[in-house]
Structures are given as structure tokens and as C-alpha cells.
Amino acid sequence: MLSDTHRAIVKSTVPVLESGGEALTTHFYKMLLRDYPQVLPFFNPAHQASGAQPRALANGLLRYARHIDQLEQLGDLVATIVSKHVALQILPEHYPMVGDSLLRAIREVLGADLATDAVIEAWAAAYGQLANILIGLEKKVYDDQAQAPGGWRGARQFTVVRKQPESDEITSFYFEPADGKPLLAFEPGQFIGLRVVIGGAEMRRQYSLSTTINNDHQYRISVKREPGGKVSNYLHDDIHEGATIELFPPSGDFTLTPNTKPLLLISGGVGITPMLAMLEAALPSGRPIVFIHAARHGGVHAFQARLDELVKWHPQLQHFFCYEQARAQDPQPHATGHLDEEQLKQWMPASPDVDAYFVGPKPFMQAIKRLLHEIGVPAAQSRYEFFGPASALD
């Protein structure tokens with residue numbers, strides 16, 4: 001049980017986490033993936049190699065230690081973790097593996113002078129509290145998903161009924177349940193997990209649902225081919241119409257909030273996938289919508305024809321796109337280079353009192369978050385989602 005003494009000790013480790021948290025979590029992941037190979041399917045090696053996964057965990061541990069006596073200060077962190085875990089089907093039996101590796105990493109990285117028995121005991125209690133919170137919240141989501149109309153728990157067999165190239169890099173996959181039974185409804189902005197076996201190794205990934213159309217009997221994801229990406233390349237090269245694949249139920253807390261305020265949707269690259277689902281869901285409301293998309297060039301600009309079609313049928317929708325470097329054969333973009341404050345202010349509604357959602361590569365999102373703040377969009381009305389491990393934009 002976590003005592004006041006434990007809380008005080010954990011908070012006393014904040015300076016250590018501030019200066020050496022990433023070294024600690026890097027060592028933790030090496031131990032976890034070495035000693036518990038059964039968790040390997042849950043992790044993308046690219047996020048380990050780039051340091052994104054250790055950085056995200058270091059940030060999470062630091063926030064937890066700072067606010068261990070005021071967990072409400074963690075904000076959306078817990079909900080984000082739960083959504084990611086549910087999409088990958090993390091189970092209670094996985095938590096002791098993580099706890100064992102974390103405590104050993106603390107002892108080995110910090111050394112005997114800092115990682116005293118009291119510190120290890122305090123962090124064991126703190127981790128136990130966090131694990132119990134997450135397990136409880138995840139169980140509720142699993143139960144709700146299984147009991148909802150069209151719902152299920154664990155993996156479910158789906159058939160690829162259509163495979164559609166959307167750009168030089170992005171291909172859409174349309175799935176229907178192999179059992180012919182109804183599908184669980186989802187919120188625009190959510191994602192699904194999938195499980196594949198490549199070369200005898202199980203791998204799990206999450207992909208945004210990219211349309212709300214026909215969601216009563218069909219799901220669609222739109223996948224970017226990543227250089228060296230095992231799963232994305234496998235999907236592009238080896239998964240064809242008629243293939244069977246295992247999917248987990250939709251999850252995610254980055255969802256469109258019903259509102260009458262003007263809606264601002266901004267995407268970069270493959271970040272267009274959840275934005276398109278949000279757009280399709282919002283159009284029937286009649287609220288003013290501005291959709292802004294940034295791409296390297298026209299060859300990698302997905303869904304342009306779909307956006308042009310929607311603009312024709314919905315006068316409240318404005319669509320602008322920007323290319324980093326337009327090619328001679330590309331359609332004329334509304335702007336070239338990187339989005340700046342002047343360009344963004346020109347396209348968005350005159351008042352900054354908008355609901356803004358943005359997704360894209362991390363540098364893109366950092367820039368958009370800063371620009372929206374400078375323009376005056378309230379922080380509570382500026383929402384974003386990470387592809388991969390969540391980390392700080394600031």
C-alpha cells in the first residue's frame with residue numbers, strides 16, 4: 001500500500017528523473033524486452049531505436065512522481081495510456097513483468113547510493129498503485145467493448161474486402177468481419193489495433209480509422225509505407241483483397257467533441273487519416289469547417305479528390321493545402337513551404353474561438369501548437385494526437 005512516506009520518497013526522486021530519466025527508461029526497455037520476450041509484440045522497434053519510447057516513458061514517470069499526491073494533475077495522460085493499452089490488448093499479467101524490470105532498472109542505473117532499499121520500496125508501492133489504476137480502467141473498457149452492440153474482446157477475424165492506393169505512400173484497407181456479424185461503432189479520431197505474424201514473429205500495431213462511412217459493417221485504415229517499417233511494408237506488399245487479418249476493438253480518447261464553434265482541422269502527412277473521419281462526422285452538423293493539409297508534394301497528398309468532392313457538396317467547408325516543395329506535375333497548392341502564422345491566420349476563421357484538432361509528424365505538431373497559441377486559440381480548444389508513443393510537444 002502506498003503510504004505518505006512512500007509518496008514523499010517518490011517525490012524526492014524527481015530531480016533524478018529530470019536529469020537521468022531517459023537513461024533509466026532506456027535501460028528498463030532493454031531489460032524488459034530481453035527478459036520478457038512475450039511482450040515484444042507490443043513494441044515497435046523503430047520507436048526504441050529513435051528513443052521515442054524511452055523518452056515518452058521518462059516523461060510519464062516524471063509526471064507521475066511530481067503529482068503522486070495529486071493524481072488529478074496528470075490530466076489526459078492516464079486516459080491516453082489506457083487507450084493505447086486497450087488497442088494493443090495489454091492484460092493484467094503483463095504488469096508484473098514491467099514492475100520487475102522497472103525496479104531493477106532503478107537500482108542498476110541509480111546505484112546503491114541513490115536507489116536505497118527505501119527508494120525501491122517506495123517505487124514498488126507507487127508502481128503497484130499505478131498498475132492497479134490502469135488495470136481497473138482497462139478492465140472497464142474491455143468489458144464495455146465486449147458488451148456493446150457489435151462488440152468483442154481480444155482478436156477478431158476480418159477479411160480485406162478492398163485495397164485502395166491513396167497516394168505514392170498511403171494505401172487504404174477496408175475490413176469486414178469474417179463472421180458476418182455487426183461491428184462495434186467507433187468515434188471519429190479513434191484507432192484499431194491489429195495483430196500479424198511476420199517471419200514467425202507476432203507484431204501488433206495501431207492505425208487510425210480513416211472514414212466514418214459504412215462503419216456499421218466495415219472499417220477502413222489508411223497506412224503509410226514507412227521505410228524499414230516491418231508491418232507497414234507487410235501490409236502494402238503481402239496483404240491483398242481476400243486476406244484475413246486479426247483486429248482488436250476501436251479505442252482512443254482523441255475524439256471529436258460535438259460543438260457549434262467553427263471547426264479547424266489541420267493535418268500533416270498521414271495525419272490526415274483521423275482528420276478525414278472527423279470531417280465526415282462533422283459535416284452534417286452544418287458548423288463552419290476549415291480543413292488544412294500539409295504534404296511534401298502532390299505525389300504523397302492522399303485523399304485530395306475526396307476533399308474536393310466534399311467541398312462541392314458542403315458550402316460550409318473550406319479546404320486549403322500546402323506543399324513543402326511542389327513539383328511541376330502537382331496541382332497548384334494554396335501555399336508552398338511550411339505553414340506560418342500569417343498563412344494560418346489567413347485561412348482560419350477570423351475569431352480564434354475555434355475547436356482545433358491537429359495531427360502529423362512531431363515537428364509539424366510542435367509548430368502548429370505554437371502557432372495556435374500565438375494566434376490566441378484557447379489551450380483547452382487545441383487538441384492533438386500522437387502516432388506512436390505520446391510525448392511532450394513543449
# chains A, B, ... in the order shown; residues from 1 in each chain; ligands from 1
$ residues_around --residues "range 69-83 of chain A" --least-positions-apart "2" --cutoff "10 Å" --atoms "only C-alpha atoms" --output "ChimeraX atom specification"
/A:4,7-8,10-11,60,63-67,85-90,130,133-139,141,190-191,250-254,385-386,389-391
$ residues_around --residues "Tyr207 in chain A" --least-positions-apart "4" --cutoff "9 Å" --atoms "only C-alpha atoms" --output "ChimeraX atom specification"
/A:190-194,221-223,273,387
$ write_last_selection --atoms "all heavy atoms" --output "compact mmCIF listing (two decimals), in the first residue's frame"
# COMPACT_ATOMS: atom_id res chain seq x y z
N GLN A 190 -10.70 7.74 -33.42
CA GLN A 190 -10.20 6.54 -32.75
C GLN A 190 -9.38 5.68 -33.71
O GLN A 190 -9.35 5.91 -34.92
CB GLN A 190 -11.36 5.74 -32.17
CG GLN A 190 -12.01 6.40 -30.96
CD GLN A 190 -12.98 5.48 -30.25
OE1 GLN A 190 -13.86 4.89 -30.86
NE2 GLN A 190 -12.84 5.38 -28.93
N PHE A 191 -8.72 4.66 -33.15
CA PHE A 191 -7.88 3.76 -33.93
C PHE A 191 -8.20 2.33 -33.58
O PHE A 191 -8.90 2.06 -32.60
CB PHE A 191 -6.39 4.04 -33.68
CG PHE A 191 -6.03 4.26 -32.23
CD1 PHE A 191 -5.90 3.20 -31.36
CD2 PHE A 191 -5.83 5.55 -31.73
CE1 PHE A 191 -5.57 3.39 -30.03
CE2 PHE A 191 -5.50 5.76 -30.40
CZ PHE A 191 -5.37 4.67 -29.55
N ILE A 192 -7.72 1.40 -34.40
CA ILE A 192 -7.84 -0.01 -34.09
C ILE A 192 -6.45 -0.62 -34.00
O ILE A 192 -5.50 -0.13 -34.62
CB ILE A 192 -8.69 -0.78 -35.13
CG1 ILE A 192 -8.14 -0.57 -36.54
CG2 ILE A 192 -10.14 -0.38 -35.05
CD1 ILE A 192 -8.83 -1.43 -37.58
N GLY A 193 -6.35 -1.70 -33.24
CA GLY A 193 -5.12 -2.48 -33.21
C GLY A 193 -5.24 -3.67 -34.12
O GLY A 193 -6.34 -4.19 -34.35
N LEU A 194 -4.13 -4.09 -34.68
CA LEU A 194 -4.13 -5.31 -35.49
C LEU A 194 -2.95 -6.18 -35.08
O LEU A 194 -1.94 -5.70 -34.56
CB LEU A 194 -4.10 -5.01 -36.98
CG LEU A 194 -2.97 -4.19 -37.60
CD1 LEU A 194 -1.73 -5.03 -37.83
CD2 LEU A 194 -3.42 -3.60 -38.92
N ILE A 221 -8.69 1.54 -42.59
CA ILE A 221 -7.48 2.21 -42.16
C ILE A 221 -6.68 2.60 -43.40
O ILE A 221 -6.84 1.98 -44.46
CB ILE A 221 -6.61 1.32 -41.23
CG1 ILE A 221 -6.15 0.05 -41.97
CG2 ILE A 221 -7.36 0.99 -39.95
CD1 ILE A 221 -5.15 -0.80 -41.17
N SER A 222 -5.86 3.62 -43.27
CA SER A 222 -5.04 4.09 -44.40
C SER A 222 -3.61 4.18 -43.90
O SER A 222 -3.30 4.99 -43.02
CB SER A 222 -5.55 5.43 -44.90
OG SER A 222 -6.92 5.33 -45.29
N VAL A 223 -2.75 3.33 -44.45
CA VAL A 223 -1.43 3.07 -43.89
C VAL A 223 -0.34 3.66 -44.77
O VAL A 223 -0.31 3.41 -45.99
CB VAL A 223 -1.21 1.55 -43.72
CG1 VAL A 223 0.17 1.26 -43.14
CG2 VAL A 223 -2.32 0.95 -42.87
N THR A 273 -5.44 10.95 -41.77
CA THR A 273 -6.37 9.83 -41.61
C THR A 273 -7.43 10.06 -40.52
O THR A 273 -8.62 9.93 -40.81
CB THR A 273 -5.61 8.50 -41.40
OG1 THR A 273 -4.69 8.64 -40.31
CG2 THR A 273 -4.83 8.14 -42.65
N PHE A 387 0.96 9.70 -33.18
CA PHE A 387 1.12 8.36 -33.75
C PHE A 387 2.33 7.76 -33.05
O PHE A 387 3.44 8.29 -33.15
CB PHE A 387 1.37 8.42 -35.26
CG PHE A 387 0.16 8.82 -36.06
CD1 PHE A 387 0.30 9.35 -37.32
CD2 PHE A 387 -1.12 8.65 -35.56
CE1 PHE A 387 -0.81 9.72 -38.07
CE2 PHE A 387 -2.25 9.01 -36.29
CZ PHE A 387 -2.09 9.54 -37.55
$ residues_around --residues "Leu102 in chain A" --least-positions-apart "3" --cutoff "10 Å" --atoms "only C-alpha atoms" --output "list in words"
Leu24, Thr25, His27, Phe28, Tyr29, Met31, Leu32, Pro96, Met97, Val98, Gly99, Ala105, Ile106, Arg107, Glu108, Ile120, Trp123, Ala124 and Tyr127 of chain A
$ atom_distance --atom1 "CA of Gly111 in chain A" --atom2 "CA of His6 in chain A"
19.1 Å
$ select_by_dssp --residues "range 209-287 of chain A" --states "strand (DSSP E)" --output "ChimeraX atom specification"
/A:219-224,244-247,263-268
$ decode --residues "range 237-288 of chain A" --atoms "C-alpha atoms" --output "compact mmCIF listing (two decimals), in the first residue's frame"
# COMPACT_ATOMS: atom_id res chain seq x y z
CA ASP A 237 3.24 -5.88 -50.14
CA ASP A 238 1.66 -9.04 -48.73
CA ILE A 239 -1.89 -8.28 -47.66
CA HIS A 240 -4.29 -8.37 -50.61
CA GLU A 241 -8.03 -8.44 -51.12
CA GLY A 242 -9.44 -11.65 -49.70
CA ALA A 243 -6.78 -11.95 -47.00
CA THR A 244 -7.76 -12.50 -43.36
CA ILE A 245 -6.34 -10.40 -40.55
CA GLU A 246 -6.95 -10.09 -36.80
CA LEU A 247 -8.23 -6.79 -35.40
CA PHE A 248 -8.83 -5.53 -31.87
CA PRO A 249 -11.78 -3.26 -30.99
CA PRO A 250 -11.60 0.50 -31.68
CA SER A 251 -10.07 2.61 -28.93
CA GLY A 252 -8.71 6.09 -28.32
CA ASP A 253 -9.63 9.26 -26.44
CA PHE A 254 -8.73 11.72 -29.24
CA THR A 255 -12.28 12.16 -30.48
CA LEU A 256 -14.40 14.89 -31.99
CA THR A 257 -16.37 16.86 -29.42
CA PRO A 258 -19.82 17.95 -30.63
CA ASN A 259 -19.97 21.72 -30.71
CA THR A 260 -21.29 24.68 -32.67
CA LYS A 261 -17.97 26.52 -32.74
CA PRO A 262 -16.13 26.70 -36.07
CA LEU A 263 -14.04 23.57 -36.53
CA LEU A 264 -10.37 23.78 -37.58
CA LEU A 265 -8.77 20.51 -38.74
CA ILE A 266 -5.04 20.59 -39.53
CA SER A 267 -3.07 17.58 -40.73
CA GLY A 268 0.43 16.84 -41.90
CA GLY A 269 1.27 13.77 -44.00
CA VAL A 270 -0.51 10.61 -42.89
CA GLY A 271 -2.04 12.62 -40.03
CA ILE A 272 -4.87 13.23 -42.48
CA THR A 273 -6.37 9.83 -41.61
CA PRO A 274 -8.15 10.66 -38.32
CA MET A 275 -8.86 14.19 -39.55
CA LEU A 276 -10.83 12.85 -42.52
CA ALA A 277 -13.01 10.71 -40.24
CA MET A 278 -13.63 13.74 -38.02
CA LEU A 279 -14.53 15.85 -41.05
CA GLU A 280 -17.04 13.33 -42.38
CA ALA A 281 -18.68 13.11 -38.95
CA ALA A 282 -18.86 16.90 -38.51
CA LEU A 283 -20.22 17.88 -41.92
CA PRO A 284 -23.89 17.01 -41.23
CA SER A 285 -23.89 19.46 -38.29
CA GLY A 286 -23.57 22.42 -40.64
CA ARG A 287 -20.91 24.09 -38.47
CA PRO A 288 -18.24 26.08 -40.34
